[in-house]
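Raw contents of my_file-v7.pdb, PDB, N, CA and C atoms:
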ATOM      1  N   MET A  28     -11.935 -58.048 -57.687
ATOM      2  CA  MET A  28     -13.055 -57.982 -56.781
ATOM      3  C   MET A  28     -12.865 -58.979 -55.640
ATOM      4  N   VAL A  29     -12.401 -60.167 -55.975
ATOM      5  CA  VAL A  29     -12.176 -61.183 -54.942
ATOM      6  C   VAL A  29     -11.094 -60.723 -53.973
ATOM      7  N   LEU A  30     -10.035 -60.137 -54.510
ATOM      8  CA  LEU A  30      -8.961 -59.636 -53.635
ATOM      9  C   LEU A  30      -9.466 -58.511 -52.728
ATOM     10  N   ALA A  31     -10.323 -57.651 -53.272
ATOM     11  CA  ALA A  31     -10.893 -56.574 -52.456
ATOM     12  C   ALA A  31     -11.763 -57.151 -51.346
ATOM     13  N   ALA A  32     -12.551 -58.178 -51.661
ATOM     14  CA  ALA A  32     -13.398 -58.805 -50.646
ATOM     15  C   ALA A  32     -12.561 -59.453 -49.554
ATOM     16  N   ILE A  33     -11.491 -60.114 -49.936
ATOM     17  CA  ILE A  33     -10.594 -60.739 -48.954
ATOM     18  C   ILE A  33      -9.945 -59.676 -48.085
ATOM     19  N   TYR A  34      -9.526 -58.574 -48.696
ATOM     20  CA  TYR A  34      -8.913 -57.473 -47.951
ATOM     21  C   TYR A  34      -9.890 -56.912 -46.910
ATOM     22  N   VAL A  35     -11.146 -56.738 -47.313
ATOM     23  CA  VAL A  35     -12.159 -56.214 -46.389
ATOM     24  C   VAL A  35     -12.392 -57.193 -45.250
ATOM     25  N   MET A  36     -12.471 -58.498 -45.554
ATOM     26  CA  MET A  36     -12.710 -59.501 -44.509
ATOM     27  C   MET A  36     -11.536 -59.595 -43.546
ATOM     28  N   ILE A  37     -10.325 -59.623 -44.061
ATOM     29  CA  ILE A  37      -9.145 -59.738 -43.200
ATOM     30  C   ILE A  37      -8.992 -58.493 -42.338
ATOM     31  N   GLY A  38      -9.227 -57.319 -42.931
ATOM     32  CA  GLY A  38      -9.081 -56.067 -42.195
ATOM     33  C   GLY A  38     -10.233 -55.767 -41.258
ATOM     34  N   GLY A  39     -11.329 -56.520 -41.368
ATOM     35  CA  GLY A  39     -12.484 -56.257 -40.516
ATOM     36  C   GLY A  39     -13.099 -54.903 -40.785
ATOM     37  N   LEU A  40     -12.994 -54.442 -42.012
ATOM     38  CA  LEU A  40     -13.510 -53.125 -42.365
ATOM     39  C   LEU A  40     -15.027 -53.107 -42.261
ATOM     40  N   GLY A  41     -15.570 -52.038 -41.738
ATOM     41  CA  GLY A  41     -17.005 -51.900 -41.606
ATOM     42  C   GLY A  41     -17.556 -52.410 -40.292
ATOM     43  N   LEU A  42     -16.731 -53.043 -39.476
ATOM     44  CA  LEU A  42     -17.202 -53.543 -38.186
ATOM     45  C   LEU A  42     -17.031 -52.467 -37.123
ATOM     46  N   VAL A  43     -17.934 -52.443 -36.179
ATOM     47  CA  VAL A  43     -17.861 -51.495 -35.073
ATOM     48  C   VAL A  43     -17.311 -52.242 -33.868
ATOM     49  N   PRO A  44     -16.127 -51.854 -33.379
ATOM     50  CA  PRO A  44     -15.488 -52.600 -32.293
ATOM     51  C   PRO A  44     -16.315 -52.658 -31.008
ATOM     52  N   GLU A  45     -17.169 -51.660 -30.766
ATOM     53  CA  GLU A  45     -17.942 -51.646 -29.526
ATOM     54  C   GLU A  45     -19.040 -52.705 -29.514
ATOM     55  N   TYR A  46     -19.433 -53.185 -30.670
ATOM     56  CA  TYR A  46     -20.493 -54.187 -30.741
ATOM     57  C   TYR A  46     -19.882 -55.573 -30.674
ATOM     58  N   ASP A  47     -20.560 -56.471 -29.955
ATOM     59  CA  ASP A  47     -20.005 -57.802 -29.749
ATOM     60  C   ASP A  47     -20.536 -58.820 -30.762
ATOM     61  N   PHE A  48     -21.036 -58.370 -31.884
ATOM     62  CA  PHE A  48     -21.475 -59.292 -32.917
ATOM     63  C   PHE A  48     -20.761 -58.941 -34.216
ATOM     64  N   GLY A  49     -20.628 -59.908 -35.069
ATOM     65  CA  GLY A  49     -19.883 -59.713 -36.302
ATOM     66  C   GLY A  49     -20.762 -59.308 -37.467
ATOM     67  N   ALA A  50     -20.141 -59.271 -38.610
ATOM     68  CA  ALA A  50     -20.865 -58.938 -39.824
ATOM     69  C   ALA A  50     -21.934 -60.002 -40.062
ATOM     70  N   GLY A  51     -23.090 -59.584 -40.486
ATOM     71  CA  GLY A  51     -24.184 -60.505 -40.736
ATOM     72  C   GLY A  51     -25.189 -60.522 -39.602
ATOM     73  N   ALA A  52     -24.802 -60.057 -38.428
ATOM     74  CA  ALA A  52     -25.734 -59.984 -37.310
ATOM     75  C   ALA A  52     -26.420 -58.620 -37.384
ATOM     76  N   TYR A  53     -27.329 -58.510 -38.287
ATOM     77  CA  TYR A  53     -27.924 -57.218 -38.588
ATOM     78  C   TYR A  53     -29.325 -57.062 -38.043
ATOM     79  N   TYR A  54     -29.780 -58.000 -37.250
ATOM     80  CA  TYR A  54     -31.123 -57.875 -36.707
ATOM     81  C   TYR A  54     -31.154 -56.764 -35.667
ATOM     82  N   TYR A  55     -32.254 -56.014 -35.667
ATOM     83  CA  TYR A  55     -32.345 -54.863 -34.773
ATOM     84  C   TYR A  55     -32.223 -55.262 -33.312
ATOM     85  N   ALA A  56     -32.690 -56.446 -32.967
ATOM     86  CA  ALA A  56     -32.629 -56.875 -31.575
ATOM     87  C   ALA A  56     -31.186 -57.058 -31.105
ATOM     88  N   ASP A  57     -30.252 -57.256 -32.041
ATOM     89  CA  ASP A  57     -28.848 -57.441 -31.675
ATOM     90  C   ASP A  57     -28.129 -56.124 -31.439
ATOM     91  N   ILE A  58     -28.701 -55.034 -31.882
ATOM     92  CA  ILE A  58     -28.047 -53.734 -31.762
ATOM     93  C   ILE A  58     -28.397 -53.132 -30.410
ATOM     94  N   PRO A  59     -27.394 -52.781 -29.620
ATOM     95  CA  PRO A  59     -27.677 -52.173 -28.316
ATOM     96  C   PRO A  59     -28.457 -50.861 -28.472
ATOM     97  N   ASP A  60     -29.470 -50.688 -27.672
ATOM     98  CA  ASP A  60     -30.310 -49.477 -27.678
ATOM     99  C   ASP A  60     -30.906 -49.197 -29.054
ATOM    100  N   TYR A  61     -31.357 -50.255 -29.736
ATOM    101  CA  TYR A  61     -31.881 -50.057 -31.089
ATOM    102  C   TYR A  61     -33.129 -49.181 -31.099
ATOM    103  N   GLN A  62     -33.799 -49.072 -29.980
ATOM    104  CA  GLN A  62     -34.968 -48.199 -29.911
ATOM    105  C   GLN A  62     -34.581 -46.749 -30.188
ATOM    106  N   ASN A  63     -33.352 -46.388 -29.851
ATOM    107  CA  ASN A  63     -32.881 -45.025 -30.082
ATOM    108  C   ASN A  63     -32.363 -44.835 -31.506
ATOM    109  N   VAL A  64     -32.152 -45.934 -32.231
ATOM    110  CA  VAL A  64     -31.617 -45.854 -33.591
ATOM    111  C   VAL A  64     -32.747 -45.794 -34.611
ATOM    112  N   ILE A  65     -33.768 -46.595 -34.390
ATOM    113  CA  ILE A  65     -34.886 -46.689 -35.326
ATOM    114  C   ILE A  65     -36.032 -45.811 -34.822
ATOM    115  N   HIS A  66     -36.485 -44.911 -35.655
ATOM    116  CA  HIS A  66     -37.584 -44.025 -35.288
ATOM    117  C   HIS A  66     -38.789 -44.341 -36.168
ATOM    118  N   ASP A  67     -39.946 -44.506 -35.562
ATOM    119  CA  ASP A  67     -41.158 -44.829 -36.305
ATOM    120  C   ASP A  67     -41.595 -43.698 -37.223
ATOM    121  N   ASP A  68     -41.253 -42.480 -36.868
ATOM    122  CA  ASP A  68     -41.696 -41.346 -37.668
ATOM    123  C   ASP A  68     -40.679 -40.952 -38.745
ATOM    124  N   ALA A  69     -39.694 -41.807 -39.006
ATOM    125  CA  ALA A  69     -38.677 -41.485 -40.003
ATOM    126  C   ALA A  69     -39.258 -41.509 -41.414
ATOM    127  N   PHE A  70     -40.283 -42.313 -41.641
ATOM    128  CA  PHE A  70     -40.902 -42.411 -42.958
ATOM    129  C   PHE A  70     -42.376 -42.072 -42.833
ATOM    130  N   THR A  71     -42.763 -40.988 -43.457
ATOM    131  CA  THR A  71     -44.170 -40.610 -43.453
ATOM    132  C   THR A  71     -44.632 -40.467 -44.894
ATOM    133  N   THR A  72     -45.866 -40.862 -45.143
ATOM    134  CA  THR A  72     -46.430 -40.788 -46.486
ATOM    135  C   THR A  72     -47.929 -40.562 -46.400
ATOM    136  N   SER A  73     -48.463 -39.992 -47.458
ATOM    137  CA  SER A  73     -49.915 -39.809 -47.521
ATOM    138  C   SER A  73     -50.576 -40.955 -48.278
ATOM    139  N   VAL A  74     -49.768 -41.893 -48.790
ATOM    140  CA  VAL A  74     -50.286 -43.042 -49.530
ATOM    141  C   VAL A  74     -50.673 -44.131 -48.530
ATOM    142  N   PRO A  75     -51.871 -44.692 -48.654
ATOM    143  CA  PRO A  75     -52.288 -45.746 -47.722
ATOM    144  C   PRO A  75     -51.423 -47.006 -47.836
ATOM    145  N   VAL A  76     -51.369 -47.767 -46.774
ATOM    146  CA  VAL A  76     -50.553 -48.981 -46.729
ATOM    147  C   VAL A  76     -51.005 -49.981 -47.787
ATOM    148  N   TRP A  77     -52.312 -50.076 -48.023
ATOM    149  CA  TRP A  77     -52.795 -51.063 -48.989
ATOM    150  C   TRP A  77     -52.256 -50.783 -50.389
ATOM    151  N   VAL A  78     -52.006 -49.513 -50.724
ATOM    152  CA  VAL A  78     -51.429 -49.184 -52.035
ATOM    153  C   VAL A  78     -50.009 -49.733 -52.129
ATOM    154  N   HIS A  79     -49.253 -49.605 -51.055
ATOM    155  CA  HIS A  79     -47.894 -50.165 -51.039
ATOM    156  C   HIS A  79     -47.932 -51.676 -51.219
ATOM    157  N   ILE A  80     -48.865 -52.320 -50.547
ATOM    158  CA  ILE A  80     -48.974 -53.781 -50.640
ATOM    159  C   ILE A  80     -49.352 -54.199 -52.059
ATOM    160  N   VAL A  81     -50.329 -53.508 -52.656
ATOM    161  CA  VAL A  81     -50.745 -53.837 -54.023
ATOM    162  C   VAL A  81     -49.592 -53.615 -54.994
ATOM    163  N   LEU A  82     -48.886 -52.508 -54.857
ATOM    164  CA  LEU A  82     -47.739 -52.254 -55.741
ATOM    165  C   LEU A  82     -46.664 -53.329 -55.585
ATOM    166  N   PHE A  83     -46.416 -53.765 -54.368
ATOM    167  CA  PHE A  83     -45.441 -54.819 -54.128
ATOM    168  C   PHE A  83     -45.873 -56.119 -54.798
ATOM    169  N   LEU A  84     -47.140 -56.471 -54.664
ATOM    170  CA  LEU A  84     -47.637 -57.701 -55.277
ATOM    171  C   LEU A  84     -47.622 -57.618 -56.802
ATOM    172  N   VAL A  85     -47.978 -56.460 -57.355
ATOM    173  CA  VAL A  85     -47.924 -56.282 -58.807
ATOM    174  C   VAL A  85     -46.488 -56.396 -59.294
ATOM    175  N   TRP A  86     -45.564 -55.756 -58.591
ATOM    176  CA  TRP A  86     -44.147 -55.850 -58.950
ATOM    177  C   TRP A  86     -43.686 -57.309 -58.921
ATOM    178  N   GLY A  87     -44.078 -58.049 -57.898
ATOM    179  CA  GLY A  87     -43.719 -59.460 -57.808
ATOM    180  C   GLY A  87     -44.291 -60.266 -58.955
ATOM    181  N   ALA A  88     -45.539 -60.002 -59.331
ATOM    182  CA  ALA A  88     -46.159 -60.714 -60.443
ATOM    183  C   ALA A  88     -45.462 -60.393 -61.763
ATOM    184  N   VAL A  89     -45.116 -59.139 -61.963
ATOM    185  CA  VAL A  89     -44.409 -58.754 -63.195
ATOM    186  C   VAL A  89     -43.033 -59.415 -63.249
ATOM    187  N   MET A  90     -42.317 -59.437 -62.128
ATOM    188  CA  MET A  90     -41.002 -60.074 -62.107
ATOM    189  C   MET A  90     -41.113 -61.581 -62.350
ATOM    190  N   TRP A  91     -42.151 -62.217 -61.790
ATOM    191  CA  TRP A  91     -42.365 -63.642 -62.017
ATOM    192  C   TRP A  91     -42.649 -63.902 -63.487
ATOM    193  N   TRP A  92     -43.531 -63.079 -64.076
ATOM    194  CA  TRP A  92     -43.852 -63.227 -65.490
ATOM    195  C   TRP A  92     -42.606 -63.034 -66.347
ATOM    196  N   LEU A  93     -41.817 -62.011 -66.036
ATOM    197  CA  LEU A  93     -40.595 -61.742 -66.793
ATOM    198  C   LEU A  93     -39.615 -62.895 -66.654
ATOM    199  N   TRP A  94     -39.459 -63.433 -65.459
ATOM    200  CA  TRP A  94     -38.542 -64.554 -65.246
ATOM    201  C   TRP A  94     -38.983 -65.779 -66.035
ATOM    202  N   LYS A  95     -40.300 -66.031 -66.063
ATOM    203  CA  LYS A  95     -40.810 -67.156 -66.843
ATOM    204  C   LYS A  95     -40.524 -66.969 -68.343
ATOM    205  N   ARG A  96     -40.602 -65.736 -68.829
ATOM    206  CA  ARG A  96     -40.316 -65.456 -70.238
ATOM    207  C   ARG A  96     -38.827 -65.638 -70.528
ATOM    208  N   ILE A  97     -37.984 -65.214 -69.611
ATOM    209  CA  ILE A  97     -36.536 -65.339 -69.804
ATOM    210  C   ILE A  97     -36.100 -66.781 -69.714
ATOM    211  N   ASP A  98     -36.745 -67.556 -68.864
ATOM    212  CA  ASP A  98     -36.308 -68.912 -68.576
ATOM    213  C   ASP A  98     -36.709 -69.925 -69.652
ATOM    214  N   LYS A  99     -37.444 -69.501 -70.665
ATOM    215  CA  LYS A  99     -37.876 -70.437 -71.710
ATOM    216  C   LYS A  99     -36.729 -70.951 -72.529
TER     217      LYS A  99
END

Write out the structure in this file as structure tokens.
Amino acid sequence: MVLAAIYVMIGGLGLVPEYDFGAGAYYYADIPDYQNVIHDDAFTTSVPVWVHIVLFLVWGAVMWWLWKRIDK
């Protein structure tokens, strides 16, 4: 795995030569014409936003509880 990672880093695999930023510069503001890449209507749902937030918080609480049980 380490050799594969080194091979990828040395070869620059996954980088787009036209972009002037390297791997790790993944913020949308760094991508040229990112407005044309990201579409607001790409994800549509009939579930209200508050349900997503509650599910996220419940998931976080369960993971915290589980981590506390494992860490004993």

Quiz item: What does the distance from atom C of Leu82 of chain A to atom C of Trp94 of chain A come to in Å, to one decimal?
Solution: 18.0 Å

Practice problem: Quick one: pull the distance between atom C of Trp92 of chain A and atom C of Pro75 of chain A, Å, one decimal. | Solution: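 If I compute the distance from atom C of Trp92 of chain A to atom C of Pro75 of chain A, I get 26.0 Å.
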
Around all of segment 72-91 of chain A's listed atoms, make the axis-aligned box with 8 Å on each side and tell me centre and edge lengths in Å to one decimal, as lines of an AutoDock Vina configuration file.
center_x = -46.9
center_y = -51.9
center_z = -54.3
size_x = 27.8
size_y = 40.1
size_z = 34.3

Self-check item: atom N of Ile97 of chain A to atom CA of Val85 of chain A, straight-line distance in Å
Solution: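 That distance, rounded to one decimal, is 17.2 Å.
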
Can you patch up segment 77-88 of chain A, filling it in to all heavy atoms, and show the result as a PDB file, in the coordinates of the input?
ATOM      1  N   TRP A  77     -52.312 -50.076 -48.023  1.00  0.00           N
ATOM      2  CA  TRP A  77     -52.795 -51.063 -48.989  1.00  0.00           C
ATOM      3  C   TRP A  77     -52.256 -50.783 -50.389  1.00  0.00           C
ATOM      4  O   TRP A  77     -52.049 -51.713 -51.172  1.00  0.00           O
ATOM      5  CB  TRP A  77     -54.317 -51.149 -48.982  1.00  0.00           C
ATOM      6  CG  TRP A  77     -55.030 -49.939 -49.517  1.00  0.00           C
ATOM      7  CD1 TRP A  77     -55.491 -48.879 -48.798  1.00  0.00           C
ATOM      8  CD2 TRP A  77     -55.364 -49.683 -50.875  1.00  0.00           C
ATOM      9  NE1 TRP A  77     -56.075 -47.968 -49.625  1.00  0.00           N
ATOM     10  CE2 TRP A  77     -56.017 -48.438 -50.921  1.00  0.00           C
ATOM     11  CE3 TRP A  77     -55.164 -50.361 -52.065  1.00  0.00           C
ATOM     12  CZ2 TRP A  77     -56.465 -47.869 -52.099  1.00  0.00           C
ATOM     13  CZ3 TRP A  77     -55.625 -49.793 -53.250  1.00  0.00           C
ATOM     14  CH2 TRP A  77     -56.267 -48.570 -53.252  1.00  0.00           C
ATOM     15  N   VAL A  78     -52.006 -49.513 -50.724  1.00  0.00           N
ATOM     16  CA  VAL A  78     -51.429 -49.184 -52.035  1.00  0.00           C
ATOM     17  C   VAL A  78     -50.009 -49.733 -52.129  1.00  0.00           C
ATOM     18  O   VAL A  78     -49.619 -50.289 -53.152  1.00  0.00           O
ATOM     19  CB  VAL A  78     -51.458 -47.658 -52.282  1.00  0.00           C
ATOM     20  CG1 VAL A  78     -50.722 -47.290 -53.560  1.00  0.00           C
ATOM     21  CG2 VAL A  78     -52.886 -47.150 -52.317  1.00  0.00           C
ATOM     22  N   HIS A  79     -49.253 -49.605 -51.055  1.00  0.00           N
ATOM     23  CA  HIS A  79     -47.894 -50.165 -51.039  1.00  0.00           C
ATOM     24  C   HIS A  79     -47.932 -51.676 -51.219  1.00  0.00           C
ATOM     25  O   HIS A  79     -47.121 -52.245 -51.952  1.00  0.00           O
ATOM     26  CB  HIS A  79     -47.180 -49.813 -49.730  1.00  0.00           C
ATOM     27  CG  HIS A  79     -46.885 -48.358 -49.598  1.00  0.00           C
ATOM     28  ND1 HIS A  79     -46.888 -47.728 -48.381  1.00  0.00           N
ATOM     29  CD2 HIS A  79     -46.587 -47.409 -50.503  1.00  0.00           C
ATOM     30  CE1 HIS A  79     -46.598 -46.455 -48.547  1.00  0.00           C
ATOM     31  NE2 HIS A  79     -46.405 -46.239 -49.832  1.00  0.00           N
ATOM     32  N   ILE A  80     -48.865 -52.320 -50.547  1.00  0.00           N
ATOM     33  CA  ILE A  80     -48.974 -53.781 -50.640  1.00  0.00           C
ATOM     34  C   ILE A  80     -49.352 -54.199 -52.059  1.00  0.00           C
ATOM     35  O   ILE A  80     -48.765 -55.121 -52.623  1.00  0.00           O
ATOM     36  CB  ILE A  80     -49.987 -54.306 -49.607  1.00  0.00           C
ATOM     37  CG1 ILE A  80     -49.448 -54.074 -48.192  1.00  0.00           C
ATOM     38  CG2 ILE A  80     -50.293 -55.776 -49.842  1.00  0.00           C
ATOM     39  CD1 ILE A  80     -50.441 -54.337 -47.092  1.00  0.00           C
ATOM     40  N   VAL A  81     -50.329 -53.508 -52.656  1.00  0.00           N
ATOM     41  CA  VAL A  81     -50.745 -53.837 -54.023  1.00  0.00           C
ATOM     42  C   VAL A  81     -49.592 -53.615 -54.994  1.00  0.00           C
ATOM     43  O   VAL A  81     -49.329 -54.449 -55.874  1.00  0.00           O
ATOM     44  CB  VAL A  81     -51.987 -53.013 -54.426  1.00  0.00           C
ATOM     45  CG1 VAL A  81     -52.255 -53.108 -55.919  1.00  0.00           C
ATOM     46  CG2 VAL A  81     -53.194 -53.467 -53.636  1.00  0.00           C
ATOM     47  N   LEU A  82     -48.886 -52.508 -54.857  1.00  0.00           N
ATOM     48  CA  LEU A  82     -47.739 -52.254 -55.741  1.00  0.00           C
ATOM     49  C   LEU A  82     -46.664 -53.329 -55.585  1.00  0.00           C
ATOM     50  O   LEU A  82     -46.065 -53.769 -56.573  1.00  0.00           O
ATOM     51  CB  LEU A  82     -47.149 -50.869 -55.458  1.00  0.00           C
ATOM     52  CG  LEU A  82     -47.988 -49.685 -55.921  1.00  0.00           C
ATOM     53  CD1 LEU A  82     -47.364 -48.379 -55.446  1.00  0.00           C
ATOM     54  CD2 LEU A  82     -48.147 -49.693 -57.435  1.00  0.00           C
ATOM     55  N   PHE A  83     -46.416 -53.765 -54.368  1.00  0.00           N
ATOM     56  CA  PHE A  83     -45.441 -54.819 -54.128  1.00  0.00           C
ATOM     57  C   PHE A  83     -45.873 -56.119 -54.798  1.00  0.00           C
ATOM     58  O   PHE A  83     -45.068 -56.795 -55.443  1.00  0.00           O
ATOM     59  CB  PHE A  83     -45.253 -55.030 -52.623  1.00  0.00           C
ATOM     60  CG  PHE A  83     -44.330 -56.154 -52.285  1.00  0.00           C
ATOM     61  CD1 PHE A  83     -42.963 -56.004 -52.404  1.00  0.00           C
ATOM     62  CD2 PHE A  83     -44.833 -57.367 -51.853  1.00  0.00           C
ATOM     63  CE1 PHE A  83     -42.108 -57.044 -52.097  1.00  0.00           C
ATOM     64  CE2 PHE A  83     -43.994 -58.415 -51.549  1.00  0.00           C
ATOM     65  CZ  PHE A  83     -42.623 -58.252 -51.667  1.00  0.00           C
ATOM     66  N   LEU A  84     -47.140 -56.471 -54.664  1.00  0.00           N
ATOM     67  CA  LEU A  84     -47.637 -57.701 -55.277  1.00  0.00           C
ATOM     68  C   LEU A  84     -47.622 -57.618 -56.802  1.00  0.00           C
ATOM     69  O   LEU A  84     -47.276 -58.589 -57.484  1.00  0.00           O
ATOM     70  CB  LEU A  84     -49.038 -58.009 -54.763  1.00  0.00           C
ATOM     71  CG  LEU A  84     -49.121 -58.366 -53.272  1.00  0.00           C
ATOM     72  CD1 LEU A  84     -50.569 -58.508 -52.846  1.00  0.00           C
ATOM     73  CD2 LEU A  84     -48.331 -59.619 -52.968  1.00  0.00           C
ATOM     74  N   VAL A  85     -47.978 -56.460 -57.355  1.00  0.00           N
ATOM     75  CA  VAL A  85     -47.924 -56.282 -58.807  1.00  0.00           C
ATOM     76  C   VAL A  85     -46.488 -56.396 -59.294  1.00  0.00           C
ATOM     77  O   VAL A  85     -46.206 -57.049 -60.308  1.00  0.00           O
ATOM     78  CB  VAL A  85     -48.550 -54.926 -59.214  1.00  0.00           C
ATOM     79  CG1 VAL A  85     -48.255 -54.588 -60.656  1.00  0.00           C
ATOM     80  CG2 VAL A  85     -50.047 -54.947 -58.961  1.00  0.00           C
ATOM     81  N   TRP A  86     -45.564 -55.756 -58.591  1.00  0.00           N
ATOM     82  CA  TRP A  86     -44.147 -55.850 -58.950  1.00  0.00           C
ATOM     83  C   TRP A  86     -43.686 -57.309 -58.921  1.00  0.00           C
ATOM     84  O   TRP A  86     -42.993 -57.769 -59.829  1.00  0.00           O
ATOM     85  CB  TRP A  86     -43.313 -55.007 -57.987  1.00  0.00           C
ATOM     86  CG  TRP A  86     -41.848 -55.175 -58.158  1.00  0.00           C
ATOM     87  CD1 TRP A  86     -41.059 -54.606 -59.113  1.00  0.00           C
ATOM     88  CD2 TRP A  86     -40.987 -55.977 -57.353  1.00  0.00           C
ATOM     89  NE1 TRP A  86     -39.758 -55.010 -58.936  1.00  0.00           N
ATOM     90  CE2 TRP A  86     -39.689 -55.852 -57.867  1.00  0.00           C
ATOM     91  CE3 TRP A  86     -41.185 -56.787 -56.240  1.00  0.00           C
ATOM     92  CZ2 TRP A  86     -38.600 -56.498 -57.314  1.00  0.00           C
ATOM     93  CZ3 TRP A  86     -40.106 -57.425 -55.691  1.00  0.00           C
ATOM     94  CH2 TRP A  86     -38.840 -57.282 -56.225  1.00  0.00           C
ATOM     95  N   GLY A  87     -44.078 -58.049 -57.898  1.00  0.00           N
ATOM     96  CA  GLY A  87     -43.719 -59.460 -57.808  1.00  0.00           C
ATOM     97  C   GLY A  87     -44.291 -60.266 -58.955  1.00  0.00           C
ATOM     98  O   GLY A  87     -43.613 -61.127 -59.530  1.00  0.00           O
ATOM     99  N   ALA A  88     -45.539 -60.002 -59.331  1.00  0.00           N
ATOM    100  CA  ALA A  88     -46.159 -60.714 -60.443  1.00  0.00           C
ATOM    101  C   ALA A  88     -45.462 -60.393 -61.763  1.00  0.00           C
ATOM    102  O   ALA A  88     -45.223 -61.284 -62.586  1.00  0.00           O
ATOM    103  CB  ALA A  88     -47.644 -60.362 -60.529  1.00  0.00           C
TER     104      ALA A  88
END
